[in-house]
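Peer 1: Sharing query11.txt below, compact mmCIF, C-alpha atoms:
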# COMPACT_ATOMS: atom_id res chain seq x y z
CA MET A 1 0.00 0.00 0.00
CA ASN A 2 1.16 3.51 -0.71
CA PRO A 3 2.49 4.80 2.64
CA PHE A 4 1.61 8.33 1.59
CA ALA A 5 -2.03 7.34 1.35
CA SER A 6 -2.41 5.77 4.78
CA VAL A 7 -4.91 7.44 7.09
CA PRO A 8 -2.33 8.70 9.61
CA SER A 9 -0.25 10.18 6.85
CA LEU A 10 -3.24 11.98 5.34
CA ASN A 11 -4.42 13.30 8.66
CA MET A 12 -1.05 14.55 9.76
CA GLN A 13 -0.33 16.80 6.79
CA GLY A 14 -0.34 20.43 7.80
CA GLN A 15 -1.24 19.79 11.42
CA TYR A 16 2.08 19.26 13.10
CA ASN A 17 4.73 21.79 13.88
CA SER A 18 7.45 20.08 11.91
CA PRO A 19 8.77 22.69 9.51
CA ASN A 20 8.31 22.15 5.84
CA THR A 21 11.82 22.42 4.46
CA HIS A 22 10.85 23.17 0.86
CA LYS A 23 10.91 26.61 -0.66
CA TYR A 24 7.98 27.78 -2.76
CA SER A 25 8.50 30.24 -5.61
CA VAL A 26 5.50 32.06 -7.00
CA ILE A 27 5.90 33.33 -10.54
CA LEU A 28 3.62 36.30 -11.23
CA PRO A 29 3.58 37.55 -14.80
CA THR A 30 2.26 41.11 -14.70
CA TYR A 31 1.10 43.68 -17.18
CA ASN A 32 -0.52 46.80 -15.77
CA GLU A 33 -1.15 45.30 -12.35
CA ARG A 34 -0.16 48.32 -10.29
CA LYS A 35 -3.35 48.18 -8.25
CA ASN A 36 -3.53 44.43 -7.80
CA LEU A 37 0.08 43.50 -7.23
CA PRO A 38 0.50 44.89 -3.68
CA ILE A 39 -2.63 43.16 -2.47
CA VAL A 40 -1.77 39.83 -4.05
CA VAL A 41 1.68 39.99 -2.51
CA TRP A 42 0.15 40.89 0.88
CA LEU A 43 -2.17 37.88 0.68
CA LEU A 44 0.70 35.61 -0.36
CA ALA A 45 2.98 36.88 2.39
CA ASN A 46 0.28 36.33 5.00
CA VAL A 47 -0.43 32.79 3.88
CA PHE A 48 3.23 31.81 3.79
CA ARG A 49 3.98 33.43 7.14
CA GLU A 50 0.97 31.80 8.78
CA HIS A 51 2.06 28.37 7.60
CA GLU A 52 5.77 28.90 8.28
CA LEU A 53 6.90 28.27 4.72
CA ALA A 54 9.96 29.53 2.90
CA TRP A 55 8.80 31.55 -0.09
CA GLU A 56 9.60 34.05 -2.78
CA VAL A 57 7.64 35.89 -5.44
CA ILE A 58 9.16 36.46 -8.85
CA VAL A 59 7.45 39.33 -10.62
CA VAL A 60 7.93 39.12 -14.38
CA ASP A 61 6.76 42.45 -15.65
CA ASP A 62 6.40 43.11 -19.38
CA ALA A 63 7.33 46.82 -19.35
CA SER A 64 4.03 47.97 -17.86
CA PRO A 65 3.46 51.68 -18.49
CA ASP A 66 1.44 52.19 -15.31
CA GLY A 67 4.21 51.86 -12.73
CA THR A 68 3.90 48.20 -11.76
CA GLN A 69 7.65 47.92 -11.44
CA GLU A 70 7.85 50.85 -9.00
CA VAL A 71 5.24 49.22 -6.80
CA ALA A 72 7.15 45.94 -6.97
CA MET A 73 10.29 47.68 -5.75
CA GLU A 74 8.37 49.28 -2.86
CA LEU A 75 7.09 45.85 -1.92
CA ALA A 76 10.63 44.50 -2.07
CA LYS A 77 11.61 47.14 0.50
CA VAL A 78 8.79 46.08 2.80
CA TYR A 79 9.12 42.29 2.49
CA GLY A 80 12.77 41.89 1.58
CA GLU A 81 14.74 41.89 -1.65
CA ASP A 82 15.10 38.12 -1.39
CA LYS A 83 11.34 37.65 -1.09
CA ILE A 84 10.05 39.94 -3.85
CA VAL A 85 12.25 39.53 -6.88
CA LEU A 86 11.52 41.81 -9.82
CA LYS A 87 12.70 40.55 -13.18
CA PRO A 88 11.34 42.85 -15.88
CA ARG A 89 11.27 42.26 -19.61
CA PRO A 90 11.50 44.83 -22.39
CA GLY A 91 8.03 44.28 -23.88
CA LYS A 92 4.83 42.28 -23.94
CA LEU A 93 6.27 38.92 -24.86
CA GLY A 94 3.63 36.43 -23.81
CA LEU A 95 2.78 34.18 -20.89
CA GLY A 96 4.83 31.10 -21.74
CA THR A 97 8.06 33.02 -22.14
CA ALA A 98 7.26 34.90 -18.92
CA TYR A 99 7.26 31.62 -17.04
CA ILE A 100 10.48 30.51 -18.72
CA HIS A 101 12.08 33.81 -17.82
CA GLY A 102 10.88 33.54 -14.22
CA LEU A 103 12.09 29.96 -13.93
CA ASP A 104 15.66 31.09 -14.53
CA PHE A 105 15.58 33.00 -11.25
CA CYS A 106 13.71 30.54 -9.02
CA THR A 107 15.59 29.45 -5.95
CA GLY A 108 12.77 27.29 -4.64
CA ASP A 109 12.09 23.66 -5.37
CA PHE A 110 8.40 24.12 -6.01
CA VAL A 111 6.82 26.67 -8.32
CA ILE A 112 3.32 28.11 -8.03
CA ILE A 113 1.74 29.82 -11.00
CA MET A 114 -1.35 31.93 -10.59
CA ASP A 115 -3.12 35.02 -11.87
CA ALA A 116 -2.48 38.35 -10.21
CA ASP A 117 -6.05 39.65 -10.58
CA PHE A 118 -7.64 38.10 -7.47
CA SER A 119 -9.31 35.28 -9.39
CA HIS A 120 -6.89 32.91 -7.65
CA HIS A 121 -6.75 33.29 -3.88
CA PRO A 122 -3.49 32.39 -2.11
CA LYS A 123 -5.42 30.80 0.76
CA PHE A 124 -5.60 27.60 -1.30
CA ILE A 125 -1.84 27.25 -1.56
CA PRO A 126 -1.48 25.40 1.78
CA GLN A 127 -4.10 22.92 0.57
CA PHE A 128 -2.12 22.38 -2.62
CA ILE A 129 0.99 21.78 -0.55
CA ARG A 130 -0.79 19.36 1.77
CA LEU A 131 -2.11 17.31 -1.11
CA GLN A 132 1.27 17.33 -2.82
CA GLN A 133 2.99 16.07 0.29
CA ALA A 134 0.36 13.49 1.16
CA TYR A 135 0.70 11.74 -2.19
CA ASN A 136 4.12 12.92 -3.37
CA LEU A 137 2.57 14.45 -6.46
CA ASP A 138 4.41 16.25 -9.22
CA ILE A 139 1.64 18.71 -9.99
CA VAL A 140 -1.37 19.99 -8.07
CA THR A 141 -3.93 22.03 -9.93
CA GLY A 142 -6.89 24.04 -8.70
CA THR A 143 -10.28 23.09 -10.08
CA ARG A 144 -13.43 25.16 -10.18
CA TYR A 145 -15.65 22.24 -11.05
CA ARG A 146 -15.17 19.75 -8.24
CA SER A 147 -16.25 19.80 -4.60
CA THR A 148 -13.64 17.39 -3.27
CA PRO A 149 -9.95 16.96 -4.00
CA THR A 150 -8.58 14.05 -5.99
CA PRO A 151 -6.89 12.04 -4.54
CA SER A 152 -8.89 12.56 -1.37
CA LEU A 153 -7.89 14.96 1.37
CA SER A 154 -9.78 16.31 4.35
CA GLY A 155 -10.20 19.94 5.33
CA THR A 156 -11.12 21.46 1.97
CA ARG A 157 -14.21 23.31 0.80
CA PRO A 158 -16.07 22.85 -2.48
CA GLY A 159 -14.93 24.77 -5.52
CA GLY A 160 -17.01 27.30 -7.38
CA VAL A 161 -17.09 30.53 -9.31
CA HIS A 162 -18.46 33.97 -8.65
CA GLY A 163 -19.52 36.41 -11.31
CA TRP A 164 -20.52 33.97 -14.04
CA ASP A 165 -24.01 34.01 -15.49
CA PHE A 166 -25.83 30.96 -16.88
CA LYS A 167 -24.47 31.39 -20.41
CA ARG A 168 -20.89 31.67 -19.23
CA LYS A 169 -21.25 28.58 -17.07
CA LEU A 170 -22.80 26.64 -19.95
CA VAL A 171 -20.00 27.62 -22.30
CA SER A 172 -17.45 26.67 -19.70
CA ARG A 173 -19.01 23.26 -19.08
CA GLY A 174 -19.35 22.68 -22.82
CA ALA A 175 -15.74 23.57 -23.47
CA ASN A 176 -14.58 21.31 -20.68
CA PHE A 177 -16.74 18.45 -21.92
CA LEU A 178 -15.28 18.83 -25.40
CA ALA A 179 -11.72 18.86 -24.13
CA ALA A 180 -12.37 15.92 -21.80
CA THR A 181 -13.90 13.82 -24.58
CA VAL A 182 -11.26 14.63 -27.17
CA LEU A 183 -8.17 14.68 -24.97
CA ASN A 184 -9.09 12.64 -21.88
CA PRO A 185 -6.75 14.69 -19.71
CA GLY A 186 -7.68 13.18 -16.36
CA VAL A 187 -8.29 16.56 -14.72
CA SER A 188 -11.64 18.23 -14.34
CA ASP A 189 -10.43 21.79 -15.02
CA LEU A 190 -8.15 21.89 -18.01
CA THR A 191 -7.93 25.63 -18.61
CA GLY A 192 -7.25 26.51 -14.99
CA SER A 193 -3.95 28.25 -14.33
CA PHE A 194 -3.61 28.02 -10.56
CA ARG A 195 -1.06 25.25 -10.16
CA LEU A 196 1.78 23.96 -8.02
CA TYR A 197 4.61 22.26 -9.89
CA ARG A 198 7.78 20.57 -8.84
CA LEU A 199 10.52 22.73 -10.33
CA PRO A 200 12.19 20.12 -12.59
CA VAL A 201 8.77 18.96 -13.80
CA LEU A 202 7.81 22.49 -14.83
CA ARG A 203 11.16 23.01 -16.54
CA HIS A 204 10.71 19.79 -18.48
CA ILE A 205 7.14 20.46 -19.61
CA ILE A 206 7.65 24.09 -20.47
CA THR A 207 10.42 23.32 -22.92
CA LEU A 208 8.03 21.06 -24.82
CA THR A 209 5.06 23.41 -24.91
CA GLN A 210 4.37 25.35 -28.09
CA SER A 211 0.94 26.97 -27.76
CA ARG A 212 0.14 30.44 -26.55
CA GLY A 213 -2.58 31.97 -24.41
CA TYR A 214 -4.78 29.74 -22.30
CA VAL A 215 -4.25 26.80 -24.68
CA PHE A 216 -0.74 26.94 -23.26
CA GLN A 217 -2.10 25.97 -19.83
CA MET A 218 -4.08 23.14 -21.40
CA GLU A 219 -1.07 21.91 -23.30
CA MET A 220 1.09 21.84 -20.19
CA MET A 221 -1.43 19.65 -18.38
CA VAL A 222 -1.97 17.30 -21.31
CA ARG A 223 1.77 16.91 -21.85
CA ALA A 224 2.33 16.31 -18.14
CA ARG A 225 -0.19 13.50 -18.17
CA ALA A 226 1.28 12.04 -21.34
CA LEU A 227 4.75 12.05 -19.76
CA GLY A 228 3.43 10.18 -16.73
CA TYR A 229 3.67 12.89 -14.07
CA THR A 230 1.25 12.51 -11.17
CA VAL A 231 -1.44 15.19 -10.90
CA GLY A 232 -3.85 16.00 -8.10
CA GLU A 233 -6.68 18.52 -7.90
CA VAL A 234 -7.91 20.77 -5.12
CA PRO A 235 -11.24 22.66 -5.39
CA ILE A 236 -10.80 26.42 -5.51
CA THR A 237 -13.17 29.35 -5.57
CA PHE A 238 -12.68 31.55 -8.61
CA VAL A 239 -13.84 35.15 -8.25
CA ASP A 240 -13.90 36.42 -11.79
CA ARG A 241 -13.26 40.00 -12.78
CA ILE A 242 -13.67 42.00 -9.65
CA PHE A 243 -13.24 45.03 -11.82
CA GLY A 244 -14.63 45.00 -15.33
CA GLU A 245 -16.37 42.45 -17.52
CA SER A 246 -14.93 39.50 -19.31
CA LYS A 247 -16.08 38.88 -22.85
CA LEU A 248 -16.16 35.62 -24.71
CA GLY A 249 -16.17 36.29 -28.44
CA ALA A 250 -16.26 34.10 -31.52
CA ASP A 251 -12.52 34.49 -31.97
CA GLU A 252 -11.89 32.92 -28.60
CA VAL A 253 -14.18 29.99 -29.40
CA VAL A 254 -12.40 29.35 -32.68
CA GLY A 255 -9.04 29.68 -30.99
CA TYR A 256 -10.11 27.19 -28.36
CA LEU A 257 -11.30 24.64 -30.91
CA LYS A 258 -8.08 25.01 -32.86
CA GLY A 259 -6.12 24.56 -29.65
CA VAL A 260 -7.94 21.38 -28.70
CA TRP A 261 -7.45 20.00 -32.22
CA SER A 262 -3.76 20.79 -32.25
CA LEU A 263 -3.32 19.07 -28.88
CA PHE A 264 -5.29 16.07 -30.13
CA THR A 265 -3.00 15.67 -33.11
CA SER A 266 0.31 16.45 -31.50
CA VAL A 267 0.40 14.93 -28.01
CA MET B 1 2.28 8.33 -31.27
CA ALA B 2 -0.19 11.12 -30.71
CA ARG B 3 -3.66 10.60 -29.34
CA ALA B 4 -5.17 11.25 -32.76
CA HIS B 5 -3.18 8.39 -34.26
CA ARG B 6 -4.18 5.98 -31.49
CA VAL B 7 -7.85 6.93 -31.86
CA ALA B 8 -7.59 6.53 -35.66
CA ILE B 9 -6.11 3.05 -35.36
CA TYR B 10 -8.68 1.82 -32.84
CA SER B 11 -11.62 3.27 -34.70
CA SER B 12 -10.57 1.92 -38.09
CA THR B 13 -10.15 -1.53 -36.55
CA PHE B 14 -13.63 -1.41 -35.09
CA VAL B 15 -15.15 -0.06 -38.31
CA LEU B 16 -13.49 -2.84 -40.30
CA VAL B 17 -14.77 -5.54 -37.96
CA TYR B 18 -18.22 -3.96 -38.05
CA PHE B 19 -18.39 -3.90 -41.83
CA LEU B 20 -17.13 -7.44 -42.05
CA ALA B 21 -19.89 -8.56 -39.68
CA LEU B 22 -22.46 -6.46 -41.53
CA PHE B 23 -21.72 -8.07 -44.90
CA ALA B 24 -21.76 -11.49 -43.26
CA VAL B 25 -18.07 -12.07 -43.98
CA LEU B 26 -17.49 -12.50 -40.24
CA PRO B 27 -19.87 -14.86 -38.45
CA ILE B 28 -21.41 -13.75 -35.14
CA PRO B 29 -21.65 -16.73 -32.74
CA PHE B 30 -24.67 -17.50 -30.54
CA LEU B 31 -27.13 -15.36 -32.54
CA ASP B 32 -29.46 -16.21 -35.44
CA SER B 33 -28.45 -14.61 -38.72
CA ASP B 34 -31.80 -12.79 -39.15
CA VAL B 35 -31.49 -11.29 -35.64
CA VAL B 36 -27.99 -10.15 -36.55
CA ALA B 37 -29.28 -8.70 -39.83
CA GLN B 38 -31.80 -6.61 -37.90
CA LEU B 39 -29.39 -5.47 -35.20
CA LEU B 40 -26.18 -4.61 -37.01
CA PRO B 41 -27.45 -1.84 -39.36
CA VAL B 42 -28.78 0.22 -36.43
CA ILE B 43 -25.72 -0.02 -34.20
CA PRO B 44 -24.06 3.16 -35.54
CA TRP B 45 -27.22 5.19 -35.00
CA TRP B 46 -27.60 3.73 -31.53
CA LEU B 47 -24.02 4.79 -30.75
CA LEU B 48 -24.72 8.29 -32.00
CA VAL B 49 -27.89 8.69 -29.97
CA SER B 50 -26.23 7.24 -26.86
CA PHE B 51 -23.36 9.68 -27.19
CA GLY B 52 -25.82 12.55 -27.62
CA ALA B 53 -27.75 11.49 -24.55
CA TYR B 54 -24.55 11.14 -22.53
CA SER B 55 -23.36 14.58 -23.61
CA LEU B 56 -26.63 16.25 -22.68
CA ALA B 57 -26.78 14.46 -19.35
CA SER B 58 -23.18 15.40 -18.63
CA LEU B 59 -23.80 19.08 -19.45
CA GLY B 60 -27.02 19.10 -17.45
CA TRP B 61 -25.37 17.52 -14.43
CA GLY B 62 -22.46 19.91 -14.75
CA MET B 63 -24.77 22.91 -14.76
CA PHE B 64 -26.78 21.54 -11.85
CA THR B 65 -23.68 21.02 -9.71
CA PHE B 66 -21.92 24.24 -10.67
CA GLN B 67 -21.35 26.04 -7.38
CA ASP B 68 -21.55 29.75 -6.80
CA CYS B 69 -19.39 31.28 -4.12
CA PRO B 70 -20.72 34.66 -2.97
CA ASP B 71 -18.95 34.25 0.40
CA ALA B 72 -15.59 34.11 -1.33
CA TYR B 73 -16.37 37.35 -3.13
CA HIS B 74 -17.28 39.25 0.03
CA GLU B 75 -14.37 37.82 1.94
CA LEU B 76 -12.06 38.92 -0.86
CA LEU B 77 -13.41 42.47 -0.88
CA LYS B 78 -12.84 42.73 2.84
CA GLU B 79 -9.31 41.37 2.49
CA ILE B 80 -8.55 43.89 -0.23
CA ASN B 81 -9.50 46.68 2.16
CA ASP B 82 -7.42 45.22 4.97
CA ALA B 83 -4.47 44.87 2.64
CA LYS B 84 -4.73 48.45 1.44
CA ASP B 85 -4.81 49.82 4.96
CA ASP B 86 -1.89 47.69 6.08
CA LEU B 87 0.25 48.49 3.08
CA ARG B 88 -0.46 52.22 3.22
CA GLY B 89 0.91 52.10 6.74
CA LYS B 90 4.07 50.43 5.47
CA GLY B 91 4.66 52.99 2.75
CA VAL B 92 3.51 51.21 -0.39
CA THR B 93 1.44 53.25 -2.85
CA VAL B 94 -1.98 51.64 -3.06
CA ASP B 95 -4.60 53.47 -5.09
Show me this structure written as structure tokens.
Peer 2:
Amino acid sequence: MNPFASVPSLNMQGQYNSPNTHKYSVILPTYNERKNLPIVVWLLANVFREHELAWEVIVVDDASPDGTQEVAMELAKVYGEDKIVLKPRPGKLGLGTAYIHGLDFCTGDFVIIMDADFSHHPKFIPQFIRLQQAYNLDIVTGTRYRSTPTPSLSGTRPGGVHGWDFKRKLVSRGANFLAATVLNPGVSDLTGSFRLYRLPVLRHIITLTQSRGYVFQMEMMVRARALGYTVGEVPITFVDRIFGESKLGADEVVGYLKGVWSLFTSV
Amino acid sequence: MARAHRVAIYSSTFVLVYFLALFAVLPIPFLDSDVVAQLLPVIPWWLLVSFGAYSLASLGWGMFTFQDCPDAYHELLKEINDAKDDLRGKGVTVD
């Protein structure tokens, strides 16, 4: 039997004072996030301090014109230059390359990727870490569609979304059904981008990934499964677009279909 | 081998076996030939309808179990305020 899956092992994760000796790097690609970045960093710092974890945040800024980099430097003064690491880039070069750029500066052995616009809440990171340690997983991803983690773990709440109307939910379920039928990825939320990766696993997958945009996130998960890495899921709450409205146009639908097809034929 | 290639190989094998059975090249054991002649032509349509029913049921169940989380939204708004106050005190420009 898997010793990581025994009842005592599952129950003990996160509840004992033994320090977790891993270091967690959060890569935050930013573009015009001057208002959101301080708050996200505050939330992250609180979560990591509360759970006594070694951490760092790598801010990969694509030459934001609104002063994101200045705010990042102020945060570095407050939290420490070793904790908030600013690594800017000369222009808007895309999400995948932002992660690759950030990976070069990671000193942790686990990497967390997430959005900086409050749709992903750092309070779920300890649950990701608990699940990862309980089953020695390579990747843990957040899912909006499940109420319980897979493999099972206690002390979590059901996932969900806020700010989606019926049509948006239907489109989301339809898109997920299509991707699940065509690709059989083994995860319930394929386009989610709130994930915890082991550093070498992320390095390996990211060198193989070729898509851009959110298809990039899908491709990373599908490739990880194809390469045999172990994946777990934790339900998360996704608060969409605190400020502003998100639109889903025909271009995005076509792009999504093309992305699913290209993954079907290449992985 | 990509997933598309695996799916293509499996499906062409099944289609070949199906057509061989349909044109009576391949014998089906344990069933009368007239029963087989009535059953085999409708199998593709049955598969299509079953898949349609499964898809609809899956979408319907997914919509039924799709959770909303208003608490998370309110909690987040409160935390944003707390964060702004705390950071202003520490000298970070927030709004």
Peer 1: Please return as a list of chain:residue names every residue within 12 Å of (6.0, 53.7, 3.0), taking into account all atoms listed in the file and the file's own coordinates.
Peer 2: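 The residues near that point, listed by chain and number, are A:Val71, A:Met73, A:Glu74, A:Leu75, A:Ala76, A:Lys77, A:Val78, A:Tyr79, B:Asp85, B:Asp86, B:Leu87, B:Arg88, B:Gly89, B:Lys90, B:Gly91, B:Val92, B:Thr93, B:Val94.
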Peer 1: For those residues, write C-alpha atoms to a file as a PDB file, in the coordinates of the input.
Peer 2:
ATOM      1  CA  VAL A  71       5.240  49.220  -6.800  1.00  0.00           C
ATOM      2  CA  MET A  73      10.290  47.680  -5.750  1.00  0.00           C
ATOM      3  CA  GLU A  74       8.370  49.280  -2.860  1.00  0.00           C
ATOM      4  CA  LEU A  75       7.090  45.850  -1.920  1.00  0.00           C
ATOM      5  CA  ALA A  76      10.630  44.500  -2.070  1.00  0.00           C
ATOM      6  CA  LYS A  77      11.610  47.140   0.500  1.00  0.00           C
ATOM      7  CA  VAL A  78       8.790  46.080   2.800  1.00  0.00           C
ATOM      8  CA  TYR A  79       9.120  42.290   2.490  1.00  0.00           C
TER       9      TYR A  79
ATOM     10  CA  ASP B  85      -4.810  49.820   4.960  1.00  0.00           C
ATOM     11  CA  ASP B  86      -1.890  47.690   6.080  1.00  0.00           C
ATOM     12  CA  LEU B  87       0.250  48.490   3.080  1.00  0.00           C
ATOM     13  CA  ARG B  88      -0.460  52.220   3.220  1.00  0.00           C
ATOM     14  CA  GLY B  89       0.910  52.100   6.740  1.00  0.00           C
ATOM     15  CA  LYS B  90       4.070  50.430   5.470  1.00  0.00           C
ATOM     16  CA  GLY B  91       4.660  52.990   2.750  1.00  0.00           C
ATOM     17  CA  VAL B  92       3.510  51.210  -0.390  1.00  0.00           C
ATOM     18  CA  THR B  93       1.440  53.250  -2.850  1.00  0.00           C
ATOM     19  CA  VAL B  94      -1.980  51.640  -3.060  1.00  0.00           C
TER      20      VAL B  94
END
Peer 1: Quick one: contact table of range 152-246 of chain A to range 251-258 of chain A, 9 Å max, nearest atom pair and distance in Å to one decimal per residue, counting only C-alpha atoms, chain and number order, as a tab-separated table?
Peer 2:
residue	atom	partner	partner_atom	distance
A:Ala175	CA	A:Tyr256	CA	8.3
A:Leu178	CA	A:Leu257	CA	8.9
A:Ala179	CA	A:Leu257	CA	8.9
A:Tyr214	CA	A:Tyr256	CA	8.5
A:Val215	CA	A:Tyr256	CA	6.9
Peer 1: Which is closer to Ala180 in chain A than all the others in A:Tyr229, A:Phe264, A:Tyr31, A:Phe124, using only C-alpha atoms?
Peer 2: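 Checking each of A:Tyr229, A:Phe264, A:Tyr31, A:Phe124 against Ala180 in chain A, counting only C-alpha atoms, the winner is A:Phe264.
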Peer 1: Which residues of chain B have any atom within 7 Å of an atom in chain A when counting all atoms listed in the file, and what is the closest pair of atoms for each, with the distance in Å to one decimal? Order the rows by chain and rising number and write it as a tab-separated table.
Peer 2:
residue	atom	partner	partner_atom	distance
B:Ala2	CA	A:Val267	CA	4.7
B:Arg3	CA	A:Phe264	CA	5.8
B:Ala4	CA	A:Thr265	CA	4.9
B:Leu59	CA	A:Arg173	CA	6.4
B:Gly62	CA	A:Arg173	CA	6.5
B:Met63	CA	A:Leu170	CA	6.7
B:Phe66	CA	A:Tyr145	CA	6.6
B:Gln67	CA	A:Gly160	CA	4.5
B:Asp68	CA	A:Val161	CA	5.2
B:Cys69	CA	A:His162	CA	5.3
B:Pro70	CA	A:His162	CA	6.2
B:Ala72	CA	A:Thr237	CA	6.8
B:Tyr73	CA	A:Val239	CA	6.1
B:Ile80	CA	A:Ile39	CA	6.4
B:Ala83	CA	A:Ile39	CA	5.7
B:Lys84	CA	A:Ile39	CA	6.9
B:Lys90	CA	A:Val78	CA	7.0
B:Val92	CA	A:Glu74	CA	5.8
B:Thr93	CA	A:Val71	CA	6.8
B:Val94	CA	A:Lys35	CA	6.4
B:Asp95	CA	A:Lys35	CA	6.3
Peer 1: Export, as a tab-separated table (two decimals), in the frame of the given file, the selected residues with C-alpha atoms.
Peer 2:
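Output saved as result-v9.tsv:
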chain	number	residue	atom	x	y	z
B	2	ALA	CA	-0.19	11.12	-30.71
B	3	ARG	CA	-3.66	10.60	-29.34
B	4	ALA	CA	-5.17	11.25	-32.76
B	59	LEU	CA	-23.80	19.08	-19.45
B	62	GLY	CA	-22.46	19.91	-14.75
B	63	MET	CA	-24.77	22.91	-14.76
B	66	PHE	CA	-21.92	24.24	-10.67
B	67	GLN	CA	-21.35	26.04	-7.38
B	68	ASP	CA	-21.55	29.75	-6.80
B	69	CYS	CA	-19.39	31.28	-4.12
B	70	PRO	CA	-20.72	34.66	-2.97
B	72	ALA	CA	-15.59	34.11	-1.33
B	73	TYR	CA	-16.37	37.35	-3.13
B	80	ILE	CA	-8.55	43.89	-0.23
B	83	ALA	CA	-4.47	44.87	2.64
B	84	LYS	CA	-4.73	48.45	1.44
B	90	LYS	CA	4.07	50.43	5.47
B	92	VAL	CA	3.51	51.21	-0.39
B	93	THR	CA	1.44	53.25	-2.85
B	94	VAL	CA	-1.98	51.64	-3.06
B	95	ASP	CA	-4.60	53.47	-5.09
Peer 1: Determine the nearest neighbour of Leu22 in chain B from the options B:Glu79, B:Gly60, B:Pro41, B:Val7, counting all atoms listed in the file.
Peer 2: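 Under the stated criterion, the closest residue is B:Pro41.
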Peer 1: Report, in Å with one decimal, the straight-line distance from CA of Ser58 in chain B to CA of Gly186 in chain A.
Peer 2: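 Interatomic distance, CA of Ser58 in chain B to CA of Gly186 in chain A: 15.8 Å.
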Peer 1: For each of A:Ala63, A:Val111, A:Pro122, A:Asn2, take the minimum atom-to-atom distance to Asn136 in chain A, counting only C-alpha atoms, then give the residue where this is smallest.
Peer 2: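 Of A:Ala63, A:Val111, A:Pro122, A:Asn2, the one nearest Asn136 in chain A, counting only C-alpha atoms, is A:Asn2.
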Peer 1: As AutoDock Vina command-line options, please report the centre and edge lengths, rounded to one decimal in Å, of the axis-aligned box that holds all listed atoms of range 157-174 of chain A with 3 Å of padding on each of the six sides.
Peer 2:
--center_x -20.0 --center_y 29.5 --center_z -11.0 --size_x 17.6 --size_y 19.7 --size_z 29.6
Peer 1: Calculate how many Å separate CA of His120 in chain A from CA of Glu75 in chain B, rounding to one decimal.
Peer 2: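 Atom-to-atom, CA of His120 in chain A to CA of Glu75 in chain B, that is 13.1 Å.
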Peer 1: Kindly give the distance, in Å, that separates CA of Pro149 in chain A and CA of Glu233 in chain A, rounded to a single decimal.
Peer 2: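 Those two atoms sit 5.3 Å apart.
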Peer 1: Just checking: using all atoms listed in the file, which residue out of A:Gly213, A:Asp138, A:Ala116, A:Asn32 ends up closest to Leu227 in chain A?
Peer 2: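 Ranked by minimum distance to Leu227 in chain A, first place goes to A:Asp138.
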Peer 1: Between A:Val26, A:Gly259, A:Phe128, A:Thr107, which residue has the minimum interatomic distance to Gln210 in chain A, considering only C-alpha atoms?
Peer 2: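 Using only C-alpha atoms, Gln210 in chain A sits closest to A:Gly259.
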Peer 1: List the spatial neighbours of Asp62 in chain A as a PDB file with C-alpha atoms, in the frame of the given file - criterion: any atom at most 7 Å away, all atoms listed in the file, same-chain residues fewer than 5 positions off excluded.
Peer 2:
ATOM      1  CA  THR A  30       2.260  41.110 -14.700  1.00  0.00           C
ATOM      2  CA  TYR A  31       1.100  43.680 -17.180  1.00  0.00           C
ATOM      3  CA  PRO A  88      11.340  42.850 -15.880  1.00  0.00           C
ATOM      4  CA  ARG A  89      11.270  42.260 -19.610  1.00  0.00           C
ATOM      5  CA  PRO A  90      11.500  44.830 -22.390  1.00  0.00           C
ATOM      6  CA  GLY A  91       8.030  44.280 -23.880  1.00  0.00           C
ATOM      7  CA  LYS A  92       4.830  42.280 -23.940  1.00  0.00           C
ATOM      8  CA  LEU A  93       6.270  38.920 -24.860  1.00  0.00           C
TER       9      LEU A  93
END
Peer 1: Within 9 Å of (-23.5, -12.3, -35.0) (file coordinates; all atoms listed in the file), which protein or nucleic acid residues are there? I'd like them as a count of residues only.
Peer 2: 15
